[in-house]
Amino acid sequence: MRWQGGQRGGGVEDRRGMGGGAVAGGGIGVAVLALIGYFVFGIDPTTTTQIASQFGAAGSAEEGRQGTPEDQAGLFVDIVGRNINDVWATKLEGYEPPANIVIYTQGTETGCGYGQSAMGPFYCPADRQVYLDLGFWEEMESQLGASGADFARAYVLAHEVGHHIQTLTGASDQVRRAQQAAGSEAEANRYSVALELQADCYAGVWAANAASVSGGEVALEAGDLEEGLRTASAIGDDALQRRSGGQVSPESFTHGTSEQRMQWLQRGYQSGDPAACDTFANL
């Protein structure tokens with residue numbers, strides 16, 4: 001993926017090294033289990049962060065350094081984040097970027113409670129910020145079998161901004177109301193799957209338009225889409241349930257199967273149009 005010539009200004013807030021608490025219980029095993037719990041069982045970050053704060057990790061409100069980080073990973077987030085926002089400014093009337101993309105280490109305060117790296121990247125609608133411990137990328141590759149390619153990492157970031165889009169359009173609120181009215185957990189989960197697959201599709205829409213808004217400075221190259229699809233496959237509900245050693249239970253799916261996640265990422269990329277991302281049509 002080409003990105004180093006892109007424009008900076010993605011709204012990064014750098015909280016790394018600010019002394020965030022360790023993952024409750026410690027150890028890579030706990031981190032992986034938490035990742036699986038987040039992706040497979042769809043625990044709302046609001047709930048998870050509130051629970052995490054009970055382990056004594058929560059502290060006072062934090063404010064990190066605003067602007068472009070000097071290291072390569074932080075620069076990547078800043079440039080790709082700017083490009084994602086530039087794309088959505090052309091696709092959604094009145095688009096407002098997330099307040100910040102917060103990068104942190106281990107744990108940090110959020111508008112949804114205390115966030116921990118073991119939760120994976122997440123979007124908090126209460127403060128309209130995306131939260132990302134950059135170490136997640138390495139864990140995603142080494143523990144979950146995802147790709148370590150730049151586009152695979154950018155896909156994760158674009159997916160979280162996709163949830164911001166859903167907050168702006170009202171889709172997230174509609175899903176919450178539908179889940180509250182659902183007659184069963186399985187029915188409620190179907191709405192969660194549709195929301196997550198739409199965020200995957202939105203990530204594909206960004207990828208399709210990245211080059212056009214940047215004069216080609218941010219763009220996919222040969223093989224990049226395949227690496228993104230590999231990651232989408234690795235974090236499908238069925239793949240994660242198999243990896244955890246449990247039984248595959250479709251009624252518990254909250255993010256979609258590997259096949260579905262690949263399908264919707266590809267659909268967004270092939271169309272380049274958010275109108276093609278109606279994952280709710282068949283509910």
# chains A, B, ... in the order shown; residues from 1 in each chain; ligands from 1
>>> select_by_dssp(residues="range 142-233 of chain A", states="helix (DSSP H, G or I)", output="VMD selection string")
chain A and resid 142 to 144 150 to 169 171 to 181 185 to 214 224 to 233
>>> residues_around(residues="Ala73 in chain A", least_positions_apart="2", cutoff="12 Å", atoms="only C-alpha atoms", output="list in words")
Trp3, Gln4, Val12, Asp14, Arg16, Thr68, Pro69, Glu70, Asp71, Leu75, Phe76, Val77, Asp78, Ile79, Val80, Ile103, Tyr104, Leu132, Asp133, Leu134, Gly135, Phe136, Trp137, Glu138, Asp150, Arg153 and Ala154 of chain A
>>> closest_residue(among="A:Ile101, A:Ala276, A:Val87, A:Ala171", to="Ser192 in chain A", atoms="only C-alpha atoms")
A:Ala171
>>> closest_residue(among="A:Ala211, A:Leu157, A:Val102, A:Ile235", to="Met1 in chain A", atoms="only C-alpha atoms")
A:Ala211
>>> closest_residue(among="A:Val248, A:Met18, A:Ile165, A:Ala188", to="Asn85 in chain A", atoms="only C-alpha atoms")
A:Ile165
>>> closest_residue(among="A:Glu259, A:Leu265, A:Gly223, A:Glu13", to="Ala239 in chain A", atoms="only C-alpha atoms")
A:Glu259
>>> closest_residue(among="A:His159, A:Arg128, A:Arg8, A:His255", to="Gly204 in chain A", atoms="only C-alpha atoms")
A:His159
>>> residues_around(residues="Ser258 in chain A", least_positions_apart="4", cutoff="8 Å", atoms="only C-alpha atoms", output="list in words")
Ala232, Ser233, Ala234, Ile235, Gly236, Asp237, Asp238, Ala239 and Met262 of chain A
>>> residues_around(residues="Lys91 in chain A", least_positions_apart="6", cutoff="10 Å", atoms="only C-alpha atoms", output="number ranges by chain")
A: 85, 205-206, 209, 272-275
>>> write_last_selection(atoms="N, CA, C and O atoms", output="compact mmCIF listing (two decimals), in the first residue's frame")
# COMPACT_ATOMS: atom_id res chain seq x y z
N ASN A 85 -10.89 10.40 6.26
CA ASN A 85 -11.77 11.55 6.43
C ASN A 85 -11.99 12.30 5.11
O ASN A 85 -13.10 12.76 4.83
N VAL A 205 -15.29 0.95 0.72
CA VAL A 205 -15.60 2.19 0.01
C VAL A 205 -14.42 3.16 0.15
O VAL A 205 -14.01 3.80 -0.82
N TRP A 206 -13.90 3.28 1.37
CA TRP A 206 -12.72 4.14 1.55
C TRP A 206 -11.58 3.69 0.65
O TRP A 206 -10.98 4.50 -0.05
N ASN A 209 -11.68 4.68 -2.93
CA ASN A 209 -11.61 6.11 -3.23
C ASN A 209 -10.36 6.79 -2.68
O ASN A 209 -10.17 7.99 -2.86
N GLY A 272 -17.31 1.25 -4.56
CA GLY A 272 -16.85 2.57 -4.17
C GLY A 272 -17.97 3.48 -3.72
O GLY A 272 -17.79 4.70 -3.61
N ASP A 273 -19.12 2.91 -3.42
CA ASP A 273 -20.33 3.70 -3.15
C ASP A 273 -20.98 3.21 -1.85
O ASP A 273 -21.36 2.04 -1.75
N PRO A 274 -21.13 4.08 -0.84
CA PRO A 274 -21.76 3.65 0.41
C PRO A 274 -23.19 3.16 0.22
O PRO A 274 -23.70 2.41 1.07
N ALA A 275 -23.85 3.56 -0.86
CA ALA A 275 -25.21 3.09 -1.12
C ALA A 275 -25.25 1.58 -1.34
O ALA A 275 -26.31 0.95 -1.20
>>> select_by_dssp(residues="range 88-175 of chain A", states="strand (DSSP E or B)", output="ChimeraX atom specification")
/A:100-104,107-110,113-116,122-124,129-133
>>> write_last_selection(atoms="N, CA, C and O atoms", output="PDB file, in the first residue's frame")
ATOM      1  N   ASN A 100     -11.139  12.533  17.528  1.00  0.00           N
ATOM      2  CA  ASN A 100      -9.729  12.154  17.504  1.00  0.00           C
ATOM      3  C   ASN A 100      -9.612  10.676  17.178  1.00  0.00           C
ATOM      4  O   ASN A 100     -10.565   9.901  17.364  1.00  0.00           O
ATOM      5  N   ILE A 101      -8.426  10.295  16.717  1.00  0.00           N
ATOM      6  CA  ILE A 101      -8.024   8.896  16.732  1.00  0.00           C
ATOM      7  C   ILE A 101      -6.988   8.797  17.847  1.00  0.00           C
ATOM      8  O   ILE A 101      -5.885   9.342  17.733  1.00  0.00           O
ATOM      9  N   VAL A 102      -7.351   8.160  18.931  1.00  0.00           N
ATOM     10  CA  VAL A 102      -6.485   8.098  20.105  1.00  0.00           C
ATOM     11  C   VAL A 102      -5.640   6.830  20.031  1.00  0.00           C
ATOM     12  O   VAL A 102      -6.173   5.721  19.964  1.00  0.00           O
ATOM     13  N   ILE A 103      -4.323   6.994  20.022  1.00  0.00           N
ATOM     14  CA  ILE A 103      -3.437   5.837  20.107  1.00  0.00           C
ATOM     15  C   ILE A 103      -2.855   5.806  21.509  1.00  0.00           C
ATOM     16  O   ILE A 103      -2.482   6.836  22.068  1.00  0.00           O
ATOM     17  N   TYR A 104      -2.811   4.620  22.093  1.00  0.00           N
ATOM     18  CA  TYR A 104      -2.440   4.510  23.503  1.00  0.00           C
ATOM     19  C   TYR A 104      -1.723   3.186  23.745  1.00  0.00           C
ATOM     20  O   TYR A 104      -1.612   2.348  22.846  1.00  0.00           O
ATOM     21  N   GLY A 107      -3.903   0.828  28.300  1.00  0.00           N
ATOM     22  CA  GLY A 107      -5.212   1.271  28.741  1.00  0.00           C
ATOM     23  C   GLY A 107      -5.317   2.773  28.764  1.00  0.00           C
ATOM     24  O   GLY A 107      -4.318   3.483  28.847  1.00  0.00           O
ATOM     25  N   THR A 108      -6.551   3.285  28.674  1.00  0.00           N
ATOM     26  CA  THR A 108      -6.762   4.728  28.687  1.00  0.00           C
ATOM     27  C   THR A 108      -8.212   5.046  29.013  1.00  0.00           C
ATOM     28  O   THR A 108      -9.108   4.227  28.799  1.00  0.00           O
ATOM     29  N   GLU A 109      -8.439   6.242  29.521  1.00  0.00           N
ATOM     30  CA  GLU A 109      -9.795   6.703  29.771  1.00  0.00           C
ATOM     31  C   GLU A 109     -10.485   7.023  28.443  1.00  0.00           C
ATOM     32  O   GLU A 109      -9.868   7.530  27.510  1.00  0.00           O
ATOM     33  N   THR A 110     -11.771   6.715  28.367  1.00  0.00           N
ATOM     34  CA  THR A 110     -12.574   7.044  27.201  1.00  0.00           C
ATOM     35  C   THR A 110     -13.922   7.583  27.672  1.00  0.00           C
ATOM     36  O   THR A 110     -14.264   7.474  28.847  1.00  0.00           O
ATOM     37  N   GLY A 113     -15.917   4.845  29.378  1.00  0.00           N
ATOM     38  CA  GLY A 113     -15.333   4.142  30.507  1.00  0.00           C
ATOM     39  C   GLY A 113     -13.854   3.904  30.262  1.00  0.00           C
ATOM     40  O   GLY A 113     -13.226   4.610  29.474  1.00  0.00           O
ATOM     41  N   TYR A 114     -13.308   2.897  30.926  1.00  0.00           N
ATOM     42  CA  TYR A 114     -11.875   2.648  30.800  1.00  0.00           C
ATOM     43  C   TYR A 114     -11.622   1.637  29.683  1.00  0.00           C
ATOM     44  O   TYR A 114     -12.156   0.534  29.698  1.00  0.00           O
ATOM     45  N   GLY A 115     -10.812   2.018  28.711  1.00  0.00           N
ATOM     46  CA  GLY A 115     -10.519   1.156  27.577  1.00  0.00           C
ATOM     47  C   GLY A 115      -9.212   0.421  27.771  1.00  0.00           C
ATOM     48  O   GLY A 115      -8.242   0.996  28.262  1.00  0.00           O
ATOM     49  N   GLN A 116      -9.176  -0.845  27.370  1.00  0.00           N
ATOM     50  CA  GLN A 116      -7.958  -1.643  27.461  1.00  0.00           C
ATOM     51  C   GLN A 116      -7.620  -2.243  26.110  1.00  0.00           C
ATOM     52  O   GLN A 116      -8.491  -2.549  25.301  1.00  0.00           O
ATOM     53  N   PHE A 122     -11.611   0.140  18.985  1.00  0.00           N
ATOM     54  CA  PHE A 122     -13.053   0.361  19.119  1.00  0.00           C
ATOM     55  C   PHE A 122     -13.371   1.840  18.930  1.00  0.00           C
ATOM     56  O   PHE A 122     -12.503   2.710  19.044  1.00  0.00           O
ATOM     57  N   TYR A 123     -14.624   2.078  18.641  1.00  0.00           N
ATOM     58  CA  TYR A 123     -15.148   3.438  18.502  1.00  0.00           C
ATOM     59  C   TYR A 123     -16.077   3.704  19.672  1.00  0.00           C
ATOM     60  O   TYR A 123     -16.943   2.885  19.981  1.00  0.00           O
ATOM     61  N   CYS A 124     -15.901   4.835  20.318  1.00  0.00           N
ATOM     62  CA  CYS A 124     -16.769   5.220  21.433  1.00  0.00           C
ATOM     63  C   CYS A 124     -17.716   6.316  20.960  1.00  0.00           C
ATOM     64  O   CYS A 124     -17.275   7.445  20.689  1.00  0.00           O
ATOM     65  N   GLN A 129     -14.728   9.200  19.392  1.00  0.00           N
ATOM     66  CA  GLN A 129     -13.314   8.984  19.160  1.00  0.00           C
ATOM     67  C   GLN A 129     -13.048   7.512  18.868  1.00  0.00           C
ATOM     68  O   GLN A 129     -13.732   6.627  19.389  1.00  0.00           O
ATOM     69  N   VAL A 130     -12.033   7.268  18.035  1.00  0.00           N
ATOM     70  CA  VAL A 130     -11.551   5.919  17.762  1.00  0.00           C
ATOM     71  C   VAL A 130     -10.361   5.668  18.670  1.00  0.00           C
ATOM     72  O   VAL A 130      -9.496   6.534  18.832  1.00  0.00           O
ATOM     73  N   TYR A 131     -10.304   4.468  19.263  1.00  0.00           N
ATOM     74  CA  TYR A 131      -9.225   4.111  20.179  1.00  0.00           C
ATOM     75  C   TYR A 131      -8.466   2.911  19.636  1.00  0.00           C
ATOM     76  O   TYR A 131      -9.063   1.921  19.227  1.00  0.00           O
ATOM     77  N   LEU A 132      -7.134   3.009  19.663  1.00  0.00           N
ATOM     78  CA  LEU A 132      -6.303   1.962  19.085  1.00  0.00           C
ATOM     79  C   LEU A 132      -4.977   1.859  19.820  1.00  0.00           C
ATOM     80  O   LEU A 132      -4.219   2.826  19.888  1.00  0.00           O
ATOM     81  N   ASP A 133      -4.712   0.685  20.392  1.00  0.00           N
ATOM     82  CA  ASP A 133      -3.372   0.346  20.859  1.00  0.00           C
ATOM     83  C   ASP A 133      -2.670  -0.279  19.662  1.00  0.00           C
ATOM     84  O   ASP A 133      -3.099  -1.319  19.158  1.00  0.00           O
TER      85      ASP A 133
END
>>> residues_around(residues="Arg267 in chain A", least_positions_apart="2", cutoff="8 Å", atoms="only C-alpha atoms", output="VMD selection string")
chain A and resid 201 204 263 to 265 269 to 271 276 to 277
>>> closest_residue(among="A:Gly81, A:Gly170, A:Gly5, A:Pro250", to="Gly215 in chain A", atoms="only C-alpha atoms")
A:Gly5
>>> residues_around(residues="Leu220 in chain A", least_positions_apart="3", cutoff="8 Å", atoms="only C-alpha atoms", output="VMD selection string")
chain A and resid 1 to 2 151 207 210 to 211 224 to 225
>>> write_last_selection(atoms="all heavy atoms", output="PDB file, in the first residue's frame")
ATOM      1  N   MET A   1       0.851  -1.196   0.000  1.00  0.00           N
ATOM      2  CA  MET A   1       0.000   0.000   0.000  1.00  0.00           C
ATOM      3  C   MET A   1       0.885   1.244   0.000  1.00  0.00           C
ATOM      4  O   MET A   1       1.842   1.344   0.768  1.00  0.00           O
ATOM      5  CB  MET A   1      -0.910   0.005   1.242  1.00  0.00           C
ATOM      6  CG  MET A   1      -1.781   1.242   1.375  1.00  0.00           C
ATOM      7  SD  MET A   1      -2.846   1.150   2.831  1.00  0.00           S
ATOM      8  CE  MET A   1      -3.473   2.828   2.854  1.00  0.00           C
ATOM      9  N   ARG A   2       0.562   2.192  -0.846  1.00  0.00           N
ATOM     10  CA  ARG A   2       1.293   3.451  -0.906  1.00  0.00           C
ATOM     11  C   ARG A   2       0.617   4.458   0.026  1.00  0.00           C
ATOM     12  O   ARG A   2      -0.588   4.663  -0.052  1.00  0.00           O
ATOM     13  CB  ARG A   2       1.291   3.966  -2.349  1.00  0.00           C
ATOM     14  CG  ARG A   2       2.146   5.184  -2.579  1.00  0.00           C
ATOM     15  CD  ARG A   2       2.399   5.438  -4.065  1.00  0.00           C
ATOM     16  NE  ARG A   2       1.191   5.628  -4.840  1.00  0.00           N
ATOM     17  CZ  ARG A   2       0.707   4.739  -5.709  1.00  0.00           C
ATOM     18  NH1 ARG A   2       1.309   3.580  -5.901  1.00  0.00           N
ATOM     19  NH2 ARG A   2      -0.408   4.993  -6.395  1.00  0.00           N
ATOM     20  N   PHE A 151      -2.243  -2.428   4.234  1.00  0.00           N
ATOM     21  CA  PHE A 151      -3.671  -2.271   3.965  1.00  0.00           C
ATOM     22  C   PHE A 151      -4.517  -3.040   4.973  1.00  0.00           C
ATOM     23  O   PHE A 151      -5.599  -2.580   5.350  1.00  0.00           O
ATOM     24  CB  PHE A 151      -4.043  -2.717   2.550  1.00  0.00           C
ATOM     25  CG  PHE A 151      -5.538  -2.682   2.331  1.00  0.00           C
ATOM     26  CD1 PHE A 151      -6.227  -1.481   2.375  1.00  0.00           C
ATOM     27  CD2 PHE A 151      -6.256  -3.851   2.128  1.00  0.00           C
ATOM     28  CE1 PHE A 151      -7.611  -1.435   2.213  1.00  0.00           C
ATOM     29  CE2 PHE A 151      -7.641  -3.817   1.965  1.00  0.00           C
ATOM     30  CZ  PHE A 151      -8.316  -2.605   2.000  1.00  0.00           C
ATOM     31  N   ALA A 207     -11.271   2.383   0.675  1.00  0.00           N
ATOM     32  CA  ALA A 207     -10.130   1.878  -0.093  1.00  0.00           C
ATOM     33  C   ALA A 207     -10.273   2.185  -1.575  1.00  0.00           C
ATOM     34  O   ALA A 207      -9.295   2.511  -2.259  1.00  0.00           O
ATOM     35  CB  ALA A 207      -9.982   0.373   0.125  1.00  0.00           C
ATOM     36  N   ALA A 210      -9.504   6.004  -2.012  1.00  0.00           N
ATOM     37  CA  ALA A 210      -8.326   6.587  -1.365  1.00  0.00           C
ATOM     38  C   ALA A 210      -7.430   7.313  -2.353  1.00  0.00           C
ATOM     39  O   ALA A 210      -6.940   8.423  -2.080  1.00  0.00           O
ATOM     40  CB  ALA A 210      -7.537   5.489  -0.642  1.00  0.00           C
ATOM     41  N   ALA A 211      -7.204   6.706  -3.509  1.00  0.00           N
ATOM     42  CA  ALA A 211      -6.279   7.301  -4.486  1.00  0.00           C
ATOM     43  C   ALA A 211      -6.843   8.576  -5.096  1.00  0.00           C
ATOM     44  O   ALA A 211      -6.112   9.557  -5.303  1.00  0.00           O
ATOM     45  CB  ALA A 211      -5.967   6.283  -5.581  1.00  0.00           C
ATOM     46  N   ASP A 224      -2.800  -5.922  -2.327  1.00  0.00           N
ATOM     47  CA  ASP A 224      -3.279  -5.325  -1.074  1.00  0.00           C
ATOM     48  C   ASP A 224      -4.688  -5.776  -0.712  1.00  0.00           C
ATOM     49  O   ASP A 224      -4.974  -6.085   0.451  1.00  0.00           O
ATOM     50  CB  ASP A 224      -3.234  -3.800  -1.160  1.00  0.00           C
ATOM     51  CG  ASP A 224      -1.839  -3.245  -0.955  1.00  0.00           C
ATOM     52  OD1 ASP A 224      -1.005  -3.945  -0.346  1.00  0.00           O
ATOM     53  OD2 ASP A 224      -1.579  -2.114  -1.400  1.00  0.00           O
ATOM     54  N   LEU A 225      -5.576  -5.784  -1.695  1.00  0.00           N
ATOM     55  CA  LEU A 225      -6.946  -6.194  -1.392  1.00  0.00           C
ATOM     56  C   LEU A 225      -6.962  -7.612  -0.845  1.00  0.00           C
ATOM     57  O   LEU A 225      -7.692  -7.915   0.111  1.00  0.00           O
ATOM     58  CB  LEU A 225      -7.826  -6.094  -2.635  1.00  0.00           C
ATOM     59  CG  LEU A 225      -9.290  -6.520  -2.432  1.00  0.00           C
ATOM     60  CD1 LEU A 225      -9.969  -5.644  -1.385  1.00  0.00           C
ATOM     61  CD2 LEU A 225     -10.053  -6.471  -3.751  1.00  0.00           C
TER      62      LEU A 225
END
